[in-house]
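**Q** One structure, as structure tokens, below. Some questions next.
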Amino acid sequence: MASRKTSQRSQPDGDKYSVLLPTYNERENLPLIVWLLVKYFGESGYKYEIIVIDDGSPDGTLEVAEQLQQIYGEDKIVSSPLVSGLAQGTAYIHGIKHATGNFIIIMDADLSHHVMFVLFVRKQKEGNYDLVSGTRYRGNGGVYGWDLRRKIISRGANFVTQVLLRPGASDLTGSFRLYKKEVLESLVEQCVSKGYVFQMEMIVRARQLNFTIGEVPISFVDRVYGESKLGGNEIVSFLKGLLTLFATT
């Protein structure tokens, strides 16, 4: 089956990258990740904007985002809080509406994703991929700072998903990705899952629509400040979502 490509190749000089940063109680981490992004985007020469999508954080994350906007400028930092917090998919839909770039980078604000977006950009340009996903399970990728339980859960989730869905990608539960904007818009329209299952469904739907997927090995380092949101409810939700995708794809 022929791979689906977007009709027009991107012009490197005209590319702009919109970074979506969904946040919830990331007051300590947000200034650090924004500083790193501004630093490395500045060094790379790529056009960019950082869109902070706060989900009603009670710790003052939104206020920090507004201060960063004043420091770096409204053309670089866009503070766009959610009206009502729901799930990852909701944050992405909200962020897309405010994105002015033709590429969108999605990453966590908790510093678990190192600022390796340049590798994603290079990979995308190598094959004009529709999306590029970070993978912890291929090449020199890996996970640092997790206890055995979380490693088993993550490995197990990916293994079961590979067996049931055969998605054509090695890491389905990660959220560090680069998309062509029109591709992300198309995928979001197709996806029905919420929470952690959303990331998995995005890859599965991309395969169904014959979008091309590139992978970049990444080192995932556990958050510096705050606590992980992964709990029993999310695990149960993931398993239910996996079975739903298996039955409907």
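Residue numbers start at 1 in each chain; chains themselves are named A, B, ... in the order of the structure tokens; ligands are numbered from 1 in the order shown.
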Per DSSP on the backbone, what are the alpha helix (DSSP H) residues of segment 92-237 of chain A, as a JSON list (two decimals) with N, CA, C and O atoms, in the first residue's frame?
**A**
```
[["chain", "number", "residue", "atom", "x", "y", "z"],
["A", 92, "TYR", "N", -4.54, 19.30, 23.22],
["A", 92, "TYR", "CA", -3.98, 19.39, 21.88],
["A", 92, "TYR", "C", -4.91, 20.14, 20.93],
["A", 92, "TYR", "O", -4.47, 20.98, 20.15],
["A", 93, "ILE", "N", -6.21, 19.84, 21.02],
["A", 93, "ILE", "CA", -7.18, 20.55, 20.19],
["A", 93, "ILE", "C", -7.13, 22.04, 20.48],
["A", 93, "ILE", "O", -7.14, 22.88, 19.57],
["A", 94, "HIS", "N", -7.05, 22.36, 21.76],
["A", 94, "HIS", "CA", -6.98, 23.75, 22.19],
["A", 94, "HIS", "C", -5.70, 24.40, 21.66],
["A", 94, "HIS", "O", -5.73, 25.52, 21.15],
["A", 95, "GLY", "N", -4.58, 23.68, 21.77],
["A", 95, "GLY", "CA", -3.31, 24.23, 21.33],
["A", 95, "GLY", "C", -3.23, 24.44, 19.84],
["A", 95, "GLY", "O", -2.67, 25.44, 19.36],
["A", 96, "ILE", "N", -3.78, 23.50, 19.07],
["A", 96, "ILE", "CA", -3.75, 23.61, 17.61],
["A", 96, "ILE", "C", -4.43, 24.90, 17.15],
["A", 96, "ILE", "O", -3.99, 25.56, 16.20],
["A", 97, "LYS", "N", -5.51, 25.28, 17.82],
["A", 97, "LYS", "CA", -6.25, 26.48, 17.43],
["A", 97, "LYS", "C", -5.40, 27.74, 17.56],
["A", 97, "LYS", "O", -5.66, 28.74, 16.87],
["A", 98, "HIS", "N", -4.41, 27.69, 18.45],
["A", 98, "HIS", "CA", -3.58, 28.87, 18.67],
["A", 98, "HIS", "C", -2.23, 28.77, 17.97],
["A", 98, "HIS", "O", -1.44, 29.73, 17.99],
["A", 117, "PHE", "N", 14.59, 18.41, 20.20],
["A", 117, "PHE", "CA", 13.71, 18.64, 19.06],
["A", 117, "PHE", "C", 14.48, 18.76, 17.74],
["A", 117, "PHE", "O", 13.95, 18.46, 16.67],
["A", 118, "VAL", "N", 15.75, 19.20, 17.81],
["A", 118, "VAL", "CA", 16.54, 19.34, 16.58],
["A", 118, "VAL", "C", 16.69, 17.99, 15.89],
["A", 118, "VAL", "O", 16.64, 17.91, 14.66],
["A", 119, "LEU", "N", 16.84, 16.91, 16.67],
["A", 119, "LEU", "CA", 16.93, 15.57, 16.09],
["A", 119, "LEU", "C", 15.63, 15.20, 15.41],
["A", 119, "LEU", "O", 15.62, 14.54, 14.36],
["A", 120, "PHE", "N", 14.51, 15.61, 15.99],
["A", 120, "PHE", "CA", 13.20, 15.33, 15.40],
["A", 120, "PHE", "C", 13.05, 16.09, 14.09],
["A", 120, "PHE", "O", 12.54, 15.55, 13.10],
["A", 121, "VAL", "N", 13.48, 17.34, 14.08],
["A", 121, "VAL", "CA", 13.39, 18.16, 12.86],
["A", 121, "VAL", "C", 14.23, 17.53, 11.75],
["A", 121, "VAL", "O", 13.79, 17.41, 10.60],
["A", 122, "ARG", "N", 15.45, 17.12, 12.09],
["A", 122, "ARG", "CA", 16.32, 16.52, 11.08],
["A", 122, "ARG", "C", 15.73, 15.23, 10.54],
["A", 122, "ARG", "O", 15.77, 14.98, 9.33],
["A", 123, "LYS", "N", 15.19, 14.41, 11.43],
["A", 123, "LYS", "CA", 14.58, 13.15, 11.02],
["A", 123, "LYS", "C", 13.40, 13.41, 10.08],
["A", 123, "LYS", "O", 13.24, 12.72, 9.06],
["A", 124, "GLN", "N", 12.58, 14.39, 10.43],
["A", 124, "GLN", "CA", 11.42, 14.69, 9.60],
["A", 124, "GLN", "C", 11.85, 15.09, 8.19],
["A", 124, "GLN", "O", 11.26, 14.65, 7.20],
["A", 125, "LYS", "N", 12.88, 15.90, 8.11],
["A", 125, "LYS", "CA", 13.32, 16.40, 6.81],
["A", 125, "LYS", "C", 13.99, 15.31, 5.99],
["A", 125, "LYS", "O", 13.97, 15.35, 4.75],
["A", 126, "GLU", "N", 14.59, 14.32, 6.66],
["A", 126, "GLU", "CA", 15.24, 13.23, 5.94],
["A", 126, "GLU", "C", 14.26, 12.49, 5.04],
["A", 126, "GLU", "O", 14.58, 12.14, 3.90],
["A", 127, "GLY", "N", 13.07, 12.21, 5.55],
["A", 127, "GLY", "CA", 12.10, 11.42, 4.79],
["A", 127, "GLY", "C", 10.79, 12.11, 4.56],
["A", 127, "GLY", "O", 9.82, 11.46, 4.14],
["A", 148, "LEU", "N", 11.15, -0.17, 39.34],
["A", 148, "LEU", "CA", 10.89, -1.39, 38.57],
["A", 148, "LEU", "C", 9.43, -1.49, 38.15],
["A", 148, "LEU", "O", 9.11, -1.93, 37.03],
["A", 149, "ARG", "N", 8.52, -1.07, 39.04],
["A", 149, "ARG", "CA", 7.08, -1.16, 38.74],
["A", 149, "ARG", "C", 6.73, -0.37, 37.49],
["A", 149, "ARG", "O", 6.04, -0.88, 36.60],
["A", 150, "ARG", "N", 7.19, 0.87, 37.41],
["A", 150, "ARG", "CA", 6.86, 1.71, 36.26],
["A", 150, "ARG", "C", 7.49, 1.17, 34.98],
["A", 150, "ARG", "O", 6.90, 1.25, 33.90],
["A", 151, "LYS", "N", 8.69, 0.63, 35.09],
["A", 151, "LYS", "CA", 9.34, 0.05, 33.90],
["A", 151, "LYS", "C", 8.55, -1.14, 33.38],
["A", 151, "LYS", "O", 8.36, -1.30, 32.17],
["A", 152, "ILE", "N", 8.10, -1.98, 34.31],
["A", 152, "ILE", "CA", 7.33, -3.17, 33.92],
["A", 152, "ILE", "C", 6.02, -2.74, 33.26],
["A", 152, "ILE", "O", 5.60, -3.31, 32.24],
["A", 153, "ILE", "N", 5.34, -1.74, 33.86],
["A", 153, "ILE", "CA", 4.08, -1.27, 33.31],
["A", 153, "ILE", "C", 4.27, -0.73, 31.89],
["A", 153, "ILE", "O", 3.53, -1.06, 30.96],
["A", 154, "SER", "N", 5.30, 0.09, 31.70],
["A", 154, "SER", "CA", 5.54, 0.70, 30.40],
["A", 154, "SER", "C", 5.93, -0.34, 29.36],
["A", 154, "SER", "O", 5.37, -0.38, 28.25],
["A", 155, "ARG", "N", 6.87, -1.22, 29.73],
["A", 155, "ARG", "CA", 7.28, -2.28, 28.80],
["A", 155, "ARG", "C", 6.12, -3.21, 28.48],
["A", 155, "ARG", "O", 5.91, -3.59, 27.31],
["A", 156, "GLY", "N", 5.37, -3.56, 29.50],
["A", 156, "GLY", "CA", 4.24, -4.46, 29.31],
["A", 156, "GLY", "C", 3.18, -3.86, 28.40],
["A", 156, "GLY", "O", 2.64, -4.53, 27.52],
["A", 157, "ALA", "N", 2.90, -2.57, 28.62],
["A", 157, "ALA", "CA", 1.89, -1.89, 27.80],
["A", 157, "ALA", "C", 2.30, -1.87, 26.34],
["A", 157, "ALA", "O", 1.49, -2.13, 25.44],
["A", 158, "ASN", "N", 3.57, -1.57, 26.10],
["A", 158, "ASN", "CA", 4.04, -1.52, 24.72],
["A", 158, "ASN", "C", 4.07, -2.91, 24.09],
["A", 158, "ASN", "O", 3.75, -3.07, 22.91],
["A", 159, "PHE", "N", 4.45, -3.92, 24.87],
["A", 159, "PHE", "CA", 4.51, -5.27, 24.32],
["A", 159, "PHE", "C", 3.13, -5.77, 23.93],
["A", 159, "PHE", "O", 2.92, -6.28, 22.82],
["A", 160, "VAL", "N", 2.16, -5.61, 24.83],
["A", 160, "VAL", "CA", 0.79, -6.06, 24.55],
["A", 160, "VAL", "C", 0.23, -5.31, 23.35],
["A", 160, "VAL", "O", -0.44, -5.89, 22.48],
["A", 161, "THR", "N", 0.51, -4.02, 23.28],
["A", 161, "THR", "CA", 0.03, -3.21, 22.17],
["A", 161, "THR", "C", 0.62, -3.67, 20.85],
["A", 161, "THR", "O", -0.08, -3.74, 19.82],
["A", 162, "GLN", "N", 1.92, -3.98, 20.85],
["A", 162, "GLN", "CA", 2.57, -4.46, 19.63],
["A", 162, "GLN", "C", 1.92, -5.75, 19.15],
["A", 162, "GLN", "O", 1.67, -5.94, 17.95],
["A", 163, "VAL", "N", 1.63, -6.65, 20.08],
["A", 163, "VAL", "CA", 1.05, -7.94, 19.72],
["A", 163, "VAL", "C", -0.36, -7.77, 19.17],
["A", 163, "VAL", "O", -0.73, -8.38, 18.15],
["A", 164, "LEU", "N", -1.17, -6.93, 19.81],
["A", 164, "LEU", "CA", -2.57, -6.81, 19.43],
["A", 164, "LEU", "C", -2.79, -5.90, 18.22],
["A", 164, "LEU", "O", -3.64, -6.18, 17.37],
["A", 165, "LEU", "N", -2.04, -4.80, 18.15],
["A", 165, "LEU", "CA", -2.36, -3.79, 17.15],
["A", 165, "LEU", "C", -1.35, -3.68, 16.01],
["A", 165, "LEU", "O", -1.67, -3.10, 14.97],
["A", 181, "LYS", "N", 1.34, 19.99, 10.92],
["A", 181, "LYS", "CA", 0.14, 20.50, 11.56],
["A", 181, "LYS", "C", -1.13, 19.89, 10.99],
["A", 181, "LYS", "O", -2.03, 19.48, 11.74],
["A", 182, "GLU", "N", -1.21, 19.79, 9.66],
["A", 182, "GLU", "CA", -2.43, 19.26, 9.07],
["A", 182, "GLU", "C", -2.62, 17.78, 9.39],
["A", 182, "GLU", "O", -3.75, 17.29, 9.47],
["A", 183, "VAL", "N", -1.51, 17.07, 9.61],
["A", 183, "VAL", "CA", -1.59, 15.67, 10.00],
["A", 183, "VAL", "C", -2.13, 15.54, 11.41],
["A", 183, "VAL", "O", -3.00, 14.70, 11.70],
["A", 184, "LEU", "N", -1.63, 16.37, 12.33],
["A", 184, "LEU", "CA", -2.12, 16.34, 13.71],
["A", 184, "LEU", "C", -3.60, 16.68, 13.76],
["A", 184, "LEU", "O", -4.37, 16.04, 14.48],
["A", 185, "GLU", "N", -4.01, 17.67, 12.98],
["A", 185, "GLU", "CA", -5.43, 18.03, 12.95],
["A", 185, "GLU", "C", -6.28, 16.85, 12.48],
["A", 185, "GLU", "O", -7.34, 16.57, 13.05],
["A", 186, "SER", "N", -5.81, 16.15, 11.47],
["A", 186, "SER", "CA", -6.55, 15.00, 10.94],
["A", 186, "SER", "C", -6.63, 13.88, 11.97],
["A", 186, "SER", "O", -7.69, 13.27, 12.16],
["A", 187, "LEU", "N", -5.52, 13.62, 12.67],
["A", 187, "LEU", "CA", -5.50, 12.54, 13.65],
["A", 187, "LEU", "C", -6.39, 12.85, 14.85],
["A", 187, "LEU", "O", -7.10, 11.98, 15.36],
["A", 188, "VAL", "N", -6.34, 14.08, 15.31],
["A", 188, "VAL", "CA", -7.16, 14.48, 16.46],
["A", 188, "VAL", "C", -8.64, 14.31, 16.14],
["A", 188, "VAL", "O", -9.44, 13.91, 16.99],
["A", 189, "GLU", "N", -9.02, 14.59, 14.90],
["A", 189, "GLU", "CA", -10.42, 14.41, 14.51],
["A", 189, "GLU", "C", -10.84, 12.95, 14.56],
["A", 189, "GLU", "O", -11.99, 12.62, 14.85],
["A", 190, "GLN", "N", -9.89, 12.05, 14.30],
["A", 190, "GLN", "CA", -10.18, 10.62, 14.25],
["A", 190, "GLN", "C", -10.20, 9.97, 15.64],
["A", 190, "GLN", "O", -10.89, 8.98, 15.86],
["A", 197, "VAL", "N", -4.26, 6.65, 26.83],
["A", 197, "VAL", "CA", -4.59, 5.86, 25.64],
["A", 197, "VAL", "C", -4.54, 6.74, 24.39],
["A", 197, "VAL", "O", -4.30, 6.25, 23.29],
["A", 198, "PHE", "N", -4.73, 8.03, 24.57],
["A", 198, "PHE", "CA", -4.77, 8.95, 23.43],
["A", 198, "PHE", "C", -3.49, 8.86, 22.61],
["A", 198, "PHE", "O", -3.54, 8.83, 21.38],
["A", 199, "GLN", "N", -2.33, 8.82, 23.28],
["A", 199, "GLN", "CA", -1.06, 8.76, 22.56],
["A", 199, "GLN", "C", -0.97, 7.50, 21.71],
["A", 199, "GLN", "O", -0.48, 7.54, 20.57],
["A", 200, "MET", "N", -1.41, 6.40, 22.25],
["A", 200, "MET", "CA", -1.38, 5.13, 21.53],
["A", 200, "MET", "C", -2.31, 5.19, 20.32],
["A", 200, "MET", "O", -1.92, 4.76, 19.22],
["A", 201, "GLU", "N", -3.49, 5.71, 20.51],
["A", 201, "GLU", "CA", -4.43, 5.77, 19.40],
["A", 201, "GLU", "C", -3.93, 6.66, 18.27],
["A", 201, "GLU", "O", -4.18, 6.38, 17.09],
["A", 202, "MET", "N", -3.20, 7.71, 18.61],
["A", 202, "MET", "CA", -2.67, 8.60, 17.58],
["A", 202, "MET", "C", -1.79, 7.83, 16.60],
["A", 202, "MET", "O", -1.87, 8.01, 15.38],
["A", 203, "ILE", "N", -0.94, 6.95, 17.13],
["A", 203, "ILE", "CA", -0.06, 6.16, 16.27],
["A", 203, "ILE", "C", -0.86, 5.15, 15.46],
["A", 203, "ILE", "O", -0.62, 4.94, 14.27],
["A", 204, "VAL", "N", -1.81, 4.49, 16.11],
["A", 204, "VAL", "CA", -2.63, 3.49, 15.43],
["A", 204, "VAL", "C", -3.42, 4.12, 14.29],
["A", 204, "VAL", "O", -3.49, 3.59, 13.18],
["A", 205, "ARG", "N", -4.01, 5.29, 14.55],
["A", 205, "ARG", "CA", -4.77, 5.97, 13.51],
["A", 205, "ARG", "C", -3.85, 6.45, 12.39],
["A", 205, "ARG", "O", -4.24, 6.45, 11.21],
["A", 206, "ALA", "N", -2.66, 6.88, 12.73],
["A", 206, "ALA", "CA", -1.70, 7.31, 11.71],
["A", 206, "ALA", "C", -1.38, 6.16, 10.76],
["A", 206, "ALA", "O", -1.29, 6.35, 9.54],
["A", 207, "ARG", "N", -1.23, 4.96, 11.31],
["A", 207, "ARG", "CA", -0.97, 3.79, 10.47],
["A", 207, "ARG", "C", -2.17, 3.51, 9.57],
["A", 207, "ARG", "O", -2.02, 3.22, 8.38],
["A", 208, "GLN", "N", -3.37, 3.62, 10.13],
["A", 208, "GLN", "CA", -4.58, 3.37, 9.35],
["A", 208, "GLN", "C", -4.70, 4.33, 8.17],
["A", 208, "GLN", "O", -5.14, 3.96, 7.08],
["A", 232, "GLY", "N", -3.39, 3.87, 39.36],
["A", 232, "GLY", "CA", -4.20, 2.71, 39.05],
["A", 232, "GLY", "C", -5.31, 3.00, 38.08],
["A", 232, "GLY", "O", -5.60, 2.19, 37.19],
["A", 233, "ASN", "N", -5.98, 4.14, 38.23],
["A", 233, "ASN", "CA", -7.08, 4.49, 37.33],
["A", 233, "ASN", "C", -6.61, 4.62, 35.89],
["A", 233, "ASN", "O", -7.30, 4.22, 34.95],
["A", 234, "GLU", "N", -5.41, 5.22, 35.72],
["A", 234, "GLU", "CA", -4.88, 5.39, 34.37],
["A", 234, "GLU", "C", -4.53, 4.05, 33.75],
["A", 234, "GLU", "O", -4.70, 3.85, 32.54],
["A", 235, "ILE", "N", -4.03, 3.11, 34.55],
["A", 235, "ILE", "CA", -3.68, 1.79, 34.04],
["A", 235, "ILE", "C", -4.93, 1.05, 33.57],
["A", 235, "ILE", "O", -4.96, 0.46, 32.50],
["A", 236, "VAL", "N", -5.98, 1.10, 34.38],
["A", 236, "VAL", "CA", -7.24, 0.46, 34.01],
["A", 236, "VAL", "C", -7.80, 1.10, 32.75],
["A", 236, "VAL", "O", -8.27, 0.41, 31.83],
["A", 237, "SER", "N", -7.73, 2.42, 32.68],
["A", 237, "SER", "CA", -8.22, 3.14, 31.50],
["A", 237, "SER", "C", -7.43, 2.74, 30.26],
["A", 237, "SER", "O", -8.01, 2.57, 29.16]]
```
**Q** Could you name the residues that touch Ile105 of chain A at 8 Å or less, counting only C-alpha atoms, but leaving out those on the same chain fewer than 6 positions away, as a list in words?
**A**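 Contacts, with the query itself left out: Tyr17, Ser18, Val19, Leu20, Phe117, Phe176, Arg177, Leu178 and Tyr179 of chain A.
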**Q** What would the file look like if the residues just selected were written as a PDB file, in the first residue's frame with all heavy atoms?
**A**
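This is the output file out24.pdb:
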```
ATOM      1  N   TYR A  17       7.872  26.142  14.031  1.00  0.00           N
ATOM      2  CA  TYR A  17       7.559  25.045  14.946  1.00  0.00           C
ATOM      3  C   TYR A  17       6.813  25.584  16.162  1.00  0.00           C
ATOM      4  O   TYR A  17       7.331  26.433  16.898  1.00  0.00           O
ATOM      5  CB  TYR A  17       8.845  24.328  15.363  1.00  0.00           C
ATOM      6  CG  TYR A  17       9.534  23.699  14.173  1.00  0.00           C
ATOM      7  CD1 TYR A  17      10.415  24.436  13.390  1.00  0.00           C
ATOM      8  CD2 TYR A  17       9.263  22.386  13.804  1.00  0.00           C
ATOM      9  CE1 TYR A  17      11.019  23.875  12.273  1.00  0.00           C
ATOM     10  CE2 TYR A  17       9.866  21.819  12.695  1.00  0.00           C
ATOM     11  CZ  TYR A  17      10.733  22.566  11.933  1.00  0.00           C
ATOM     12  OH  TYR A  17      11.318  22.010  10.821  1.00  0.00           O
ATOM     13  N   SER A  18       5.600  25.088  16.347  1.00  0.00           N
ATOM     14  CA  SER A  18       4.789  25.452  17.509  1.00  0.00           C
ATOM     15  C   SER A  18       4.912  24.334  18.542  1.00  0.00           C
ATOM     16  O   SER A  18       4.537  23.194  18.278  1.00  0.00           O
ATOM     17  CB  SER A  18       3.317  25.628  17.110  1.00  0.00           C
ATOM     18  OG  SER A  18       3.160  26.656  16.166  1.00  0.00           O
ATOM     19  N   VAL A  19       5.457  24.655  19.703  1.00  0.00           N
ATOM     20  CA  VAL A  19       5.636  23.676  20.773  1.00  0.00           C
ATOM     21  C   VAL A  19       4.443  23.754  21.717  1.00  0.00           C
ATOM     22  O   VAL A  19       4.172  24.803  22.305  1.00  0.00           O
ATOM     23  CB  VAL A  19       6.931  23.933  21.566  1.00  0.00           C
ATOM     24  CG1 VAL A  19       7.101  22.885  22.664  1.00  0.00           C
ATOM     25  CG2 VAL A  19       8.135  23.929  20.634  1.00  0.00           C
ATOM     26  N   LEU A  20       3.713  22.654  21.848  1.00  0.00           N
ATOM     27  CA  LEU A  20       2.587  22.609  22.774  1.00  0.00           C
ATOM     28  C   LEU A  20       3.068  22.038  24.103  1.00  0.00           C
ATOM     29  O   LEU A  20       3.590  20.923  24.155  1.00  0.00           O
ATOM     30  CB  LEU A  20       1.455  21.741  22.221  1.00  0.00           C
ATOM     31  CG  LEU A  20       0.878  22.113  20.850  1.00  0.00           C
ATOM     32  CD1 LEU A  20      -0.385  21.297  20.576  1.00  0.00           C
ATOM     33  CD2 LEU A  20       0.604  23.596  20.734  1.00  0.00           C
ATOM     34  N   PHE A 117      14.595  18.415  20.196  1.00  0.00           N
ATOM     35  CA  PHE A 117      13.710  18.639  19.058  1.00  0.00           C
ATOM     36  C   PHE A 117      14.481  18.764  17.743  1.00  0.00           C
ATOM     37  O   PHE A 117      13.949  18.463  16.672  1.00  0.00           O
ATOM     38  CB  PHE A 117      12.865  19.897  19.280  1.00  0.00           C
ATOM     39  CG  PHE A 117      13.674  21.161  19.398  1.00  0.00           C
ATOM     40  CD1 PHE A 117      14.041  21.864  18.272  1.00  0.00           C
ATOM     41  CD2 PHE A 117      14.060  21.636  20.642  1.00  0.00           C
ATOM     42  CE1 PHE A 117      14.791  23.027  18.376  1.00  0.00           C
ATOM     43  CE2 PHE A 117      14.802  22.795  20.755  1.00  0.00           C
ATOM     44  CZ  PHE A 117      15.177  23.486  19.612  1.00  0.00           C
ATOM     45  N   PHE A 176       6.411  12.572  23.315  1.00  0.00           N
ATOM     46  CA  PHE A 176       7.363  13.498  22.688  1.00  0.00           C
ATOM     47  C   PHE A 176       7.329  13.241  21.183  1.00  0.00           C
ATOM     48  O   PHE A 176       7.908  12.286  20.686  1.00  0.00           O
ATOM     49  CB  PHE A 176       8.761  13.232  23.256  1.00  0.00           C
ATOM     50  CG  PHE A 176       9.779  14.299  22.923  1.00  0.00           C
ATOM     51  CD1 PHE A 176       9.447  15.439  22.212  1.00  0.00           C
ATOM     52  CD2 PHE A 176      11.086  14.154  23.353  1.00  0.00           C
ATOM     53  CE1 PHE A 176      10.382  16.408  21.919  1.00  0.00           C
ATOM     54  CE2 PHE A 176      12.043  15.120  23.075  1.00  0.00           C
ATOM     55  CZ  PHE A 176      11.694  16.250  22.352  1.00  0.00           C
ATOM     56  N   ARG A 177       6.636  14.116  20.445  1.00  0.00           N
ATOM     57  CA  ARG A 177       6.427  13.893  19.018  1.00  0.00           C
ATOM     58  C   ARG A 177       6.423  15.198  18.233  1.00  0.00           C
ATOM     59  O   ARG A 177       6.150  16.267  18.783  1.00  0.00           O
ATOM     60  CB  ARG A 177       5.105  13.151  18.776  1.00  0.00           C
ATOM     61  CG  ARG A 177       5.095  11.739  19.346  1.00  0.00           C
ATOM     62  CD  ARG A 177       3.745  11.081  19.192  1.00  0.00           C
ATOM     63  NE  ARG A 177       3.733   9.773  19.864  1.00  0.00           N
ATOM     64  CZ  ARG A 177       2.639   9.086  20.127  1.00  0.00           C
ATOM     65  NH1 ARG A 177       1.457   9.561  19.764  1.00  0.00           N
ATOM     66  NH2 ARG A 177       2.708   7.914  20.742  1.00  0.00           N
ATOM     67  N   LEU A 178       6.696  15.072  16.951  1.00  0.00           N
ATOM     68  CA  LEU A 178       6.608  16.178  16.007  1.00  0.00           C
ATOM     69  C   LEU A 178       5.627  15.784  14.914  1.00  0.00           C
ATOM     70  O   LEU A 178       5.706  14.679  14.369  1.00  0.00           O
ATOM     71  CB  LEU A 178       7.986  16.490  15.412  1.00  0.00           C
ATOM     72  CG  LEU A 178       8.090  17.624  14.388  1.00  0.00           C
ATOM     73  CD1 LEU A 178       9.498  18.234  14.429  1.00  0.00           C
ATOM     74  CD2 LEU A 178       7.785  17.170  12.960  1.00  0.00           C
ATOM     75  N   TYR A 179       4.713  16.675  14.588  1.00  0.00           N
ATOM     76  CA  TYR A 179       3.702  16.418  13.566  1.00  0.00           C
ATOM     77  C   TYR A 179       3.687  17.552  12.547  1.00  0.00           C
ATOM     78  O   TYR A 179       3.910  18.728  12.897  1.00  0.00           O
ATOM     79  CB  TYR A 179       2.295  16.382  14.171  1.00  0.00           C
ATOM     80  CG  TYR A 179       2.005  15.290  15.154  1.00  0.00           C
ATOM     81  CD1 TYR A 179       2.310  15.436  16.511  1.00  0.00           C
ATOM     82  CD2 TYR A 179       1.371  14.110  14.754  1.00  0.00           C
ATOM     83  CE1 TYR A 179       2.013  14.433  17.424  1.00  0.00           C
ATOM     84  CE2 TYR A 179       1.066  13.111  15.658  1.00  0.00           C
ATOM     85  CZ  TYR A 179       1.396  13.276  16.993  1.00  0.00           C
ATOM     86  OH  TYR A 179       1.091  12.284  17.899  1.00  0.00           O
TER      87      TYR A 179
END
```
**Q** Just the strand (DSSP E or B) stuff from segment 90-174 of chain A, please, per backbone DSSP, written as a list in words.
**A**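 So the strand (DSSP E or B) residues in segment 90-174 of chain A would be Phe103, Ile104, Ile105, Ile106, His113, Leu131, Val132, Ser133, Gly134, Thr135, Gly142, Val143 and Tyr144 of chain A.
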**Q** Identify which of the residues A:Thr90, A:Asn128, A:Thr173, A:Ser79 lies closest to Asp54 of chain A, counting only C-alpha atoms when measuring atom-to-atom distances.
**A**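 Using only C-alpha atoms, the shortest distance to Asp54 of chain A belongs to A:Ser79.
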**Q** Give me, as JSON, numbers by chain, all polymer residues having an atom no more than 9 Å from Gly139 of chain A, counting only C-alpha atoms and skipping those fewer than 4 positions away in the same chain.
**A** {"A": [135, 216, 217, 218]}
